[in-house]
Amino acid sequence: MLLVNIDYLPGRELEVLGVVKGTVVQSKNFGKDFMAGMKTLVGGEITGYTEMLVEARQIATKRMVDEAEALGADAVVNVRYGSSSVMQGAAEVIAYGTAVKYR
């Protein structure tokens with residue numbers, strides 16, 4: 001499955017199949033959340049949250065691709081990501097784009 005963040009594929013005519021998305025709400029365990037809180041006192045990257053968001057983006061992307069494959073898509077164009085805090089220590093990540101088929 002080809003994923004691009006532009007709204008066309010050079011040299012290809014596209015049939016639009018529709019919007020596809022994948023979403024996940026992810027959290028860290030209490031121990032890692034506690035350690036992240038301690039990190040805010042001294043500053044620097046909170047690697048536990050970075051890892052959590054990387055994993056969440058991967059899961060959301062896979063779910064988006066699965067939805068596109070179910071429609072018979074060859075690619076997803078105009079891929080975008082969004083995130084929001086659901087509660088302390090938990091975030092929602094969404095991947096979305098337009099499923100297309102090559103002509």
# chains A, B, ... in the order shown; residues from 1 in each chain; ligands from 1

call {"tool": "residues_around", "arguments": {"residues": "Gly22 (chain A)", "least_positions_apart": "6", "cutoff": "10 Å", "atoms": "only C-alpha atoms", "output": "ChimeraX atom specification"}}
result
/A:57-68,81,93-97

call {"tool": "atom_distance", "arguments": {"atom1": "CA of Ser85 (chain A)", "atom2": "CA of Thr98 (chain A)"}}
result
24.8 Å

call {"tool": "select_by_dssp", "arguments": {"residues": "chain A", "states": "strand (DSSP E or B)", "output": "PyMOL selection string"}}
result
chain A and resi 2-3+14-27+75-87+90-102

call {"tool": "atom_distance", "arguments": {"atom1": "CA of Asn5 (chain A)", "atom2": "CA of Tyr49 (chain A)"}}
result
24.6 Å

call {"tool": "closest_residue", "arguments": {"among": "A:Leu53, A:Val19, A:Met1, A:Gly48", "to": "Ser84 (chain A)", "atoms": "only C-alpha atoms"}}
result
A:Leu53

call {"tool": "atom_distance", "arguments": {"atom1": "CA of Arg103 (chain A)", "atom2": "CA of Val79 (chain A)"}}
result
19.9 Å

call {"tool": "closest_residue", "arguments": {"among": "A:Leu71, A:Glu55, A:Ala91, A:Val77", "to": "Pro10 (chain A)", "atoms": "only C-alpha atoms"}}
result
A:Val77

call {"tool": "closest_residue", "arguments": {"among": "A:Ala90, A:Ala70, A:Met52, A:Leu9", "to": "Val25 (chain A)", "atoms": "only C-alpha atoms"}}
result
A:Ala90

call {"tool": "closest_residue", "arguments": {"among": "A:Glu69, A:Glu92, A:Asp7, A:Asp74", "to": "Thr23 (chain A)", "atoms": "only C-alpha atoms"}}
result
A:Glu92

call {"tool": "residues_around", "arguments": {"residues": "Tyr102 (chain A)", "least_positions_apart": "6", "cutoff": "12 Å", "atoms": "only C-alpha atoms", "output": "PDB file with N, CA, C and O atoms, in the first residue's frame"}}
result
ATOM      1  N   MET A   1       0.862  -1.179   0.000  1.00  0.00           N
ATOM      2  CA  MET A   1       0.000   0.000   0.000  1.00  0.00           C
ATOM      3  C   MET A   1       0.896   1.226   0.000  1.00  0.00           C
ATOM      4  O   MET A   1       1.724   1.394   0.890  1.00  0.00           O
ATOM      5  N   LEU A   2       0.691   2.075  -0.979  1.00  0.00           N
ATOM      6  CA  LEU A   2       1.442   3.321  -1.073  1.00  0.00           C
ATOM      7  C   LEU A   2       0.756   4.387  -0.227  1.00  0.00           C
ATOM      8  O   LEU A   2      -0.459   4.589  -0.336  1.00  0.00           O
ATOM      9  N   TYR A   8      -2.093  13.776  -4.870  1.00  0.00           N
ATOM     10  CA  TYR A   8      -2.085  13.180  -6.202  1.00  0.00           C
ATOM     11  C   TYR A   8      -0.887  12.237  -6.300  1.00  0.00           C
ATOM     12  O   TYR A   8      -0.004  12.237  -5.433  1.00  0.00           O
ATOM     13  N   LEU A   9      -0.877  11.427  -7.333  1.00  0.00           N
ATOM     14  CA  LEU A   9       0.271  10.582  -7.643  1.00  0.00           C
ATOM     15  C   LEU A   9       0.746  10.974  -9.033  1.00  0.00           C
ATOM     16  O   LEU A   9      -0.020  10.842  -9.998  1.00  0.00           O
ATOM     17  N   PRO A  10       1.931  11.493  -9.160  1.00  0.00           N
ATOM     18  CA  PRO A  10       2.417  11.967 -10.460  1.00  0.00           C
ATOM     19  C   PRO A  10       2.269  10.899 -11.549  1.00  0.00           C
ATOM     20  O   PRO A  10       2.653   9.748 -11.361  1.00  0.00           O
ATOM     21  N   GLY A  11       1.655  11.303 -12.666  1.00  0.00           N
ATOM     22  CA  GLY A  11       1.499  10.412 -13.806  1.00  0.00           C
ATOM     23  C   GLY A  11       0.402   9.375 -13.673  1.00  0.00           C
ATOM     24  O   GLY A  11       0.269   8.493 -14.524  1.00  0.00           O
ATOM     25  N   ARG A  12      -0.389   9.451 -12.622  1.00  0.00           N
ATOM     26  CA  ARG A  12      -1.463   8.472 -12.404  1.00  0.00           C
ATOM     27  C   ARG A  12      -2.809   9.170 -12.357  1.00  0.00           C
ATOM     28  O   ARG A  12      -2.951  10.220 -11.740  1.00  0.00           O
ATOM     29  N   GLU A  13      -3.800   8.552 -12.980  1.00  0.00           N
ATOM     30  CA  GLU A  13      -5.175   9.015 -12.822  1.00  0.00           C
ATOM     31  C   GLU A  13      -5.768   8.198 -11.686  1.00  0.00           C
ATOM     32  O   GLU A  13      -5.594   6.977 -11.624  1.00  0.00           O
ATOM     33  N   LEU A  14      -6.465   8.867 -10.786  1.00  0.00           N
ATOM     34  CA  LEU A  14      -6.948   8.210  -9.577  1.00  0.00           C
ATOM     35  C   LEU A  14      -8.465   8.157  -9.514  1.00  0.00           C
ATOM     36  O   LEU A  14      -9.148   9.114  -9.863  1.00  0.00           O
ATOM     37  N   GLU A  15      -8.954   7.043  -9.036  1.00  0.00           N
ATOM     38  CA  GLU A  15     -10.370   6.898  -8.705  1.00  0.00           C
ATOM     39  C   GLU A  15     -10.473   7.001  -7.191  1.00  0.00           C
ATOM     40  O   GLU A  15      -9.861   6.200  -6.468  1.00  0.00           O
ATOM     41  N   VAL A  16     -11.199   7.968  -6.700  1.00  0.00           N
ATOM     42  CA  VAL A  16     -11.338   8.178  -5.261  1.00  0.00           C
ATOM     43  C   VAL A  16     -12.345   7.178  -4.708  1.00  0.00           C
ATOM     44  O   VAL A  16     -13.473   7.078  -5.195  1.00  0.00           O
ATOM     45  N   LEU A  17     -11.920   6.460  -3.653  1.00  0.00           N
ATOM     46  CA  LEU A  17     -12.793   5.472  -3.016  1.00  0.00           C
ATOM     47  C   LEU A  17     -13.421   5.998  -1.733  1.00  0.00           C
ATOM     48  O   LEU A  17     -14.441   5.499  -1.299  1.00  0.00           O
ATOM     49  N   GLY A  72     -10.381  -1.967  -1.492  1.00  0.00           N
ATOM     50  CA  GLY A  72      -9.701  -2.309  -2.738  1.00  0.00           C
ATOM     51  C   GLY A  72      -8.742  -1.240  -3.217  1.00  0.00           C
ATOM     52  O   GLY A  72      -8.397  -1.173  -4.396  1.00  0.00           O
ATOM     53  N   ALA A  73      -8.280  -0.392  -2.311  1.00  0.00           N
ATOM     54  CA  ALA A  73      -7.400   0.731  -2.675  1.00  0.00           C
ATOM     55  C   ALA A  73      -5.997   0.256  -3.024  1.00  0.00           C
ATOM     56  O   ALA A  73      -5.512  -0.751  -2.505  1.00  0.00           O
ATOM     57  N   ASP A  74      -5.363   1.030  -3.906  1.00  0.00           N
ATOM     58  CA  ASP A  74      -3.954   0.824  -4.226  1.00  0.00           C
ATOM     59  C   ASP A  74      -3.061   1.751  -3.404  1.00  0.00           C
ATOM     60  O   ASP A  74      -1.869   1.486  -3.238  1.00  0.00           O
ATOM     61  N   ALA A  75      -3.636   2.854  -2.937  1.00  0.00           N
ATOM     62  CA  ALA A  75      -2.856   3.856  -2.209  1.00  0.00           C
ATOM     63  C   ALA A  75      -3.776   4.698  -1.331  1.00  0.00           C
ATOM     64  O   ALA A  75      -4.996   4.687  -1.507  1.00  0.00           O
ATOM     65  N   VAL A  76      -3.151   5.413  -0.402  1.00  0.00           N
ATOM     66  CA  VAL A  76      -3.852   6.423   0.389  1.00  0.00           C
ATOM     67  C   VAL A  76      -3.087   7.721   0.179  1.00  0.00           C
ATOM     68  O   VAL A  76      -1.883   7.794   0.433  1.00  0.00           O
ATOM     69  N   VAL A  77      -3.788   8.728  -0.331  1.00  0.00           N
ATOM     70  CA  VAL A  77      -3.161  10.026  -0.579  1.00  0.00           C
ATOM     71  C   VAL A  77      -3.609  11.020   0.482  1.00  0.00           C
ATOM     72  O   VAL A  77      -4.598  10.816   1.174  1.00  0.00           O
TER      73      VAL A  77
END

call {"tool": "closest_residue", "arguments": {"among": "A:Met87, A:Val24, A:Gly82, A:Ala99", "to": "Ala56 (chain A)", "atoms": "only C-alpha atoms"}}
result
A:Val24
